[in-house]
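Quick notes on the structure that follows.
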Amino acid sequence: MKRDTNDIYFGVILAVTLVFGLLLFNLRIDEGGDDSTYICRAMDVVASGTYPTFQGPLYPWFLAIFVAFCGPNLLVLKLTSLVCVLCGHSVFYKVARKKINPKLLLAVLGLMSINSLYLFFASQTYSESLYALVQYIFMGFLLRMEDNAQEKITIKNVLSVVLPVALCIVCGYLIRTVGVFWLVAAIVYLCLRKRYRSAIVLFCTTIVTLGLWMGVKTAVWGESKGQSQIAQLTQKHPYEVEQGQETIGGYFERFGVNSEKYLSKHLMRIAGFKEYNDRELSVFGTILIYLVFFYGAYKAYVRKNKIVLLCAVMAATMMGVTFFALQALWDQYRLIIPYIIVSYVVLLYAIYQLFLLLGEKAAKIGVGAVIVISVLLSFGQTKQKIDLMQLKTNLSGNMLYGYTPDWYNYLGMCQAVATELPEDAFVACRKPNMARIYAGGKKFHGIYNFQSEDPDELFNALKERGVTHIILASLRRDPLYPGQGVINTIHRYMHFIVQKYPEAFYQIASMGEENQEPAYLFVVNYDAPAVDQPEKD
């Protein structure tokens, strides 16, 4: 049988994705911290069967499979993300190739194949790559469900056609909590397609499936303890509980600010139309993107283009929920990475439809020019990100090479702690999971925030947890701009204590020169005498 030419083109794109994924491969732990957290939770799963809390448990379980056989091997764990990206592209291509203009589909996947911002997640242990893969599988099953809709509901049809969609929704939820809104996107899509009976059946099947999972979870692991991710999102500030709960107006303010950040800045950076470090926001640009996107969604609805309509519903639902739910201070483009491909499909489709008003030839030239410019700009930025010396050095065993001085000194201190201090030493720091990875699995106590300025309360908290040492680092508040302040949570924590206990801490080691963002190691002295403090007004 003669092979489809488009399949050959896609094979080339997949090969290019693999090549650039390896050229851009980053063996270091990301400074964001969540990737090391996932690894630590996977290690805990293997060690004690602990249920991963706060974030979705499915990704730590996924990593735990590889940890069980290879240990916390960063190369192996990071390669799983590259495999997920390749599989995700393959699934999306298979789902969409006969339902959309193949040139448009190949253009979007081709852009992602050489895009450094997108391929960054092909070598990180963040959940984005697995989440996107499951999302594309979900979309495929949903379209199959629509195609196999029957007037009469049967158990066989529910089990073979509807249940796979429901299981994907539950899996999406277990990877990232926001994944539960796939159900909302599916119902909206089915209703737009006038498949009301299918929407009802899917809703009921998903609720039952999710309920069964909750029952199994409670029976095996009991009720969840500790702060949930949802509880954190309902606060005005994720780390400062004293600011109170968010208001309705606050959520709409989040939506507006996040729209500007993620659309006029991050979406444009990924497309290559903005420089990597460009932080300028644009209200006009944001509104224009919204108008173009919803024009594409409207044309897909009118023209009954199922895949573009589903992409539009998925992107609008998931980005909309993200923009409403997240505090604006996060500003992390990885939060929209799983929706980039579906968003670009809609935007390119809209641009084609707009140019089509001038004629078919103009449409081909216009959208072709947009694609070529985007690819060239993205490729130019990607070339600057390729650092084979860094990759070679990391692979040779120097895992700190490539970090900025603040992180180099901090992580170097964490490594020294693991080898120089007694085994029973328990060290507090700002990034305990990164510290644990670089310290060969040694556990640290994390100080992320605190709700008191009382020195006795803060001092006793350290004592109750058995903390013997503290690492005071010079981690930049803004990674791109040294000298603009440091993350000072631990500085403030120690400051309040020494107001009453001046001898509570004494330095025993440092790493890095004074003007090179050093890290310091302090011993905690619980026998330090107290001094009288002036009464507060």
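By convention in this document, the chains of the structure tokens carry letters A, B, ... by their order, each chain's residues are numbered from 1, and ligands are numbered from 1 in the order they are shown.
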Which residues come within 12 Å of Ser378 in chain A, counting only C-alpha atoms, excluding same-chain residues fewer than 5 positions away, as an mmCIF file with N, CA and C atoms, in the first residue's frame?
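Writing the result to around_18.cif gives the following:
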data_model
loop_
_atom_site.group_PDB
_atom_site.id
_atom_site.type_symbol
_atom_site.label_atom_id
_atom_site.label_comp_id
_atom_site.auth_asym_id
_atom_site.auth_seq_id
_atom_site.Cartn_x
_atom_site.Cartn_y
_atom_site.Cartn_z
ATOM 1 N N GLY A 110 5.383 21.009 13.293
ATOM 2 C CA GLY A 110 6.727 21.378 12.847
ATOM 3 C C GLY A 110 7.290 22.525 13.671
ATOM 4 N N LEU A 111 6.453 23.514 13.982
ATOM 5 C CA LEU A 111 6.894 24.634 14.818
ATOM 6 C C LEU A 111 7.331 24.142 16.190
ATOM 7 N N MET A 112 6.566 23.220 16.772
ATOM 8 C CA MET A 112 6.909 22.697 18.090
ATOM 9 C C MET A 112 8.183 21.846 18.052
ATOM 10 N N SER A 113 8.489 21.274 16.881
ATOM 11 C CA SER A 113 9.639 20.365 16.787
ATOM 12 C C SER A 113 10.976 21.069 16.922
ATOM 13 N N ILE A 114 10.994 22.401 16.739
ATOM 14 C CA ILE A 114 12.261 23.139 16.838
ATOM 15 C C ILE A 114 12.157 24.274 17.854
ATOM 16 N N ASN A 115 11.138 24.236 18.694
ATOM 17 C CA ASN A 115 10.871 25.330 19.620
ATOM 18 C C ASN A 115 11.480 25.037 20.985
ATOM 19 N N SER A 116 12.453 25.841 21.397
ATOM 20 C CA SER A 116 13.174 25.575 22.650
ATOM 21 C C SER A 116 12.274 25.712 23.875
ATOM 22 N N LEU A 117 11.351 26.669 23.850
ATOM 23 C CA LEU A 117 10.464 26.859 25.002
ATOM 24 C C LEU A 117 9.540 25.663 25.188
ATOM 25 N N TYR A 118 9.075 25.110 24.079
ATOM 26 C CA TYR A 118 8.211 23.928 24.156
ATOM 27 C C TYR A 118 9.027 22.684 24.515
ATOM 28 N N LEU A 119 10.167 22.508 23.854
ATOM 29 C CA LEU A 119 10.987 21.312 24.069
ATOM 30 C C LEU A 119 11.719 21.319 25.410
ATOM 31 N N MET A 268 3.104 34.653 22.680
ATOM 32 C CA MET A 268 3.886 35.281 21.618
ATOM 33 C C MET A 268 5.361 34.867 21.683
ATOM 34 N N ARG A 269 5.894 34.662 22.888
ATOM 35 C CA ARG A 269 7.277 34.199 23.016
ATOM 36 C C ARG A 269 7.437 32.801 22.421
ATOM 37 N N ILE A 270 6.477 31.929 22.721
ATOM 38 C CA ILE A 270 6.559 30.560 22.212
ATOM 39 C C ILE A 270 6.455 30.545 20.686
ATOM 40 N N ALA A 271 5.658 31.453 20.145
ATOM 41 C CA ALA A 271 5.512 31.530 18.683
ATOM 42 C C ALA A 271 6.712 32.180 18.018
ATOM 43 N N GLY A 272 7.622 32.749 18.826
ATOM 44 C CA GLY A 272 8.813 33.366 18.275
ATOM 45 C C GLY A 272 8.674 34.848 17.999
ATOM 46 N N PHE A 273 7.493 35.417 18.228
ATOM 47 C CA PHE A 273 7.258 36.821 17.898
ATOM 48 C C PHE A 273 7.701 37.774 18.998
ATOM 49 N N LYS A 274 8.216 37.228 20.096
ATOM 50 C CA LYS A 274 8.812 38.036 21.152
ATOM 51 C C LYS A 274 10.104 37.388 21.595
ATOM 52 N N GLU A 275 11.059 38.216 22.005
ATOM 53 C CA GLU A 275 12.311 37.690 22.524
ATOM 54 C C GLU A 275 12.073 36.946 23.833
ATOM 55 N N TYR A 276 12.980 36.045 24.145
ATOM 56 C CA TYR A 276 12.830 35.204 25.337
ATOM 57 C C TYR A 276 12.677 36.038 26.604
ATOM 58 N N ILE A 371 3.484 31.231 9.191
ATOM 59 C CA ILE A 371 4.150 29.998 9.638
ATOM 60 C C ILE A 371 5.654 30.083 9.428
ATOM 61 N N VAL A 372 6.074 30.530 8.252
ATOM 62 C CA VAL A 372 7.508 30.613 7.949
ATOM 63 C C VAL A 372 8.212 31.583 8.895
ATOM 64 N N ILE A 373 7.618 32.749 9.121
ATOM 65 C CA ILE A 373 8.220 33.740 10.030
ATOM 66 C C ILE A 373 8.333 33.172 11.438
ATOM 67 N N LYS A 383 18.534 28.096 18.518
ATOM 68 C CA LYS A 383 19.983 27.974 18.291
ATOM 69 C C LYS A 383 20.769 28.535 19.471
ATOM 70 N N GLN A 384 20.259 29.629 20.036
ATOM 71 C CA GLN A 384 20.950 30.265 21.161
ATOM 72 C C GLN A 384 20.875 29.426 22.435
ATOM 73 N N LYS A 385 19.898 28.535 22.511
ATOM 74 C CA LYS A 385 19.695 27.732 23.716
ATOM 75 C C LYS A 385 20.489 26.425 23.699
#
Q.
Report as a PyMOL selection string all protein, DNA and RNA residues lying within 12 Å of Leu106 in chain A, evaluated on only C-alpha atoms, omitting residues in the same chain fewer than 2 positions from it.
A. chain A and resi 5-14+89-90+92-94+96-97+100-104+108-113+341+344-345+348+368+371
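Minimum atom-to-atom distances from A:Val188, A:Ala369, A:Val134, A:Leu22 to Ile169 in chain A were compared using only C-alpha atoms, and the lowest value belongs to A:Val134.
Taking CA of Pro518 in chain A and CA of Tyr410 in chain A as endpoints, the distance between them is 7.3 Å.
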**Q.** Non-local contacts of Glu503 in chain A (8 Å; only C-alpha atoms; under 4 positions in same chain excluded) as a count of residues only
**A.** 4
Q: Name all residues at most 8 Å from Tyr59 in chain A (count only C-alpha atoms; drop same-chain ones fewer than 6 positions away) and give them as a ChimeraX atom specification.
A: /A:38,127,130,174-175
For the residues selected in the previous step, produce a file with C-alpha atoms as a short mmCIF file (atom, residue, chain, number, x, y, z; two decimals), in the first residue's frame.
data_model
loop_
_atom_site.label_atom_id
_atom_site.label_comp_id
_atom_site.auth_asym_id
_atom_site.auth_seq_id
_atom_site.Cartn_x
_atom_site.Cartn_y
_atom_site.Cartn_z
CA TYR A 38 7.73 15.02 41.75
CA SER A 127 3.91 16.72 34.53
CA LEU A 130 2.44 13.22 30.35
CA LEU A 174 -4.98 12.70 38.83
CA ILE A 175 -2.09 14.25 36.89
#
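Around Arg465 in chain A, within 12 Å and counting only C-alpha atoms, the residues found are Ala425, Phe426, Val427, Ala428, Phe444, His445, Gly446, Ile447, Leu458, Phe459, Asn460, Ala461, Leu462, Lys463, Val467, Thr468 and His469 of chain A, once anything fewer than 2 positions away on its own chain is removed.
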With N, CA and C atoms kept, could you save the residues just selected as a PDB file, in the first residue's frame?
ATOM      1  N   ALA A 425      22.127  14.604  61.226  1.00  0.00           N
ATOM      2  CA  ALA A 425      21.916  16.044  61.061  1.00  0.00           C
ATOM      3  C   ALA A 425      20.680  16.280  60.196  1.00  0.00           C
ATOM      4  N   PHE A 426      19.853  17.226  60.609  1.00  0.00           N
ATOM      5  CA  PHE A 426      18.643  17.545  59.867  1.00  0.00           C
ATOM      6  C   PHE A 426      18.695  19.030  59.526  1.00  0.00           C
ATOM      7  N   VAL A 427      18.793  19.323  58.249  1.00  0.00           N
ATOM      8  CA  VAL A 427      19.084  20.680  57.792  1.00  0.00           C
ATOM      9  C   VAL A 427      17.834  21.329  57.204  1.00  0.00           C
ATOM     10  N   ALA A 428      17.573  22.577  57.592  1.00  0.00           N
ATOM     11  CA  ALA A 428      16.463  23.353  57.034  1.00  0.00           C
ATOM     12  C   ALA A 428      16.987  24.211  55.883  1.00  0.00           C
ATOM     13  N   PHE A 444      15.683  17.006  53.777  1.00  0.00           N
ATOM     14  CA  PHE A 444      15.849  18.333  54.357  1.00  0.00           C
ATOM     15  C   PHE A 444      14.496  18.836  54.844  1.00  0.00           C
ATOM     16  N   HIS A 445      14.525  19.811  55.729  1.00  0.00           N
ATOM     17  CA  HIS A 445      13.291  20.451  56.188  1.00  0.00           C
ATOM     18  C   HIS A 445      13.086  21.735  55.397  1.00  0.00           C
ATOM     19  N   GLY A 446      11.929  21.886  54.786  1.00  0.00           N
ATOM     20  CA  GLY A 446      11.657  23.068  53.977  1.00  0.00           C
ATOM     21  C   GLY A 446      10.987  24.170  54.762  1.00  0.00           C
ATOM     22  N   ILE A 447      11.483  25.400  54.619  1.00  0.00           N
ATOM     23  CA  ILE A 447      10.829  26.578  55.184  1.00  0.00           C
ATOM     24  C   ILE A 447      10.363  27.428  54.009  1.00  0.00           C
ATOM     25  N   LEU A 458       8.762  30.527  66.494  1.00  0.00           N
ATOM     26  CA  LEU A 458       9.604  30.129  65.365  1.00  0.00           C
ATOM     27  C   LEU A 458      10.740  29.208  65.817  1.00  0.00           C
ATOM     28  N   PHE A 459      11.354  29.533  66.958  1.00  0.00           N
ATOM     29  CA  PHE A 459      12.459  28.736  67.483  1.00  0.00           C
ATOM     30  C   PHE A 459      11.972  27.335  67.875  1.00  0.00           C
ATOM     31  N   ASN A 460      10.835  27.296  68.543  1.00  0.00           N
ATOM     32  CA  ASN A 460      10.273  26.004  68.967  1.00  0.00           C
ATOM     33  C   ASN A 460       9.875  25.143  67.775  1.00  0.00           C
ATOM     34  N   ALA A 461       9.432  25.778  66.694  1.00  0.00           N
ATOM     35  CA  ALA A 461       9.054  25.016  65.497  1.00  0.00           C
ATOM     36  C   ALA A 461      10.256  24.265  64.944  1.00  0.00           C
ATOM     37  N   LEU A 462      11.426  24.910  64.955  1.00  0.00           N
ATOM     38  CA  LEU A 462      12.645  24.233  64.498  1.00  0.00           C
ATOM     39  C   LEU A 462      13.009  23.087  65.439  1.00  0.00           C
ATOM     40  N   LYS A 463      12.882  23.346  66.734  1.00  0.00           N
ATOM     41  CA  LYS A 463      13.254  22.330  67.724  1.00  0.00           C
ATOM     42  C   LYS A 463      12.348  21.115  67.649  1.00  0.00           C
ATOM     43  N   VAL A 467      15.455  20.145  63.745  1.00  0.00           N
ATOM     44  CA  VAL A 467      16.395  20.821  62.853  1.00  0.00           C
ATOM     45  C   VAL A 467      17.690  21.105  63.602  1.00  0.00           C
ATOM     46  N   THR A 468      18.807  20.719  63.023  1.00  0.00           N
ATOM     47  CA  THR A 468      20.123  20.947  63.639  1.00  0.00           C
ATOM     48  C   THR A 468      20.920  22.031  62.927  1.00  0.00           C
ATOM     49  N   HIS A 469      20.642  22.256  61.639  1.00  0.00           N
ATOM     50  CA  HIS A 469      21.393  23.227  60.850  1.00  0.00           C
ATOM     51  C   HIS A 469      20.442  23.967  59.898  1.00  0.00           C
TER      52      HIS A 469
END
Q | Met494 in chain A surroundings by only C-alpha atoms, 9 Å radius, close-in-sequence under 2 positions cut, as a ChimeraX atom specification | A | /A:455,458-459,489-492,496-499,504-505
(Q) Give me, as a PyMOL selection string, the residues of range 242-401 of chain A that a backbone DSSP run labels helix (DSSP H, G or I). (A) chain A and resi 242-243+248-270+283-302+306-325+333-356+360-385+388-395
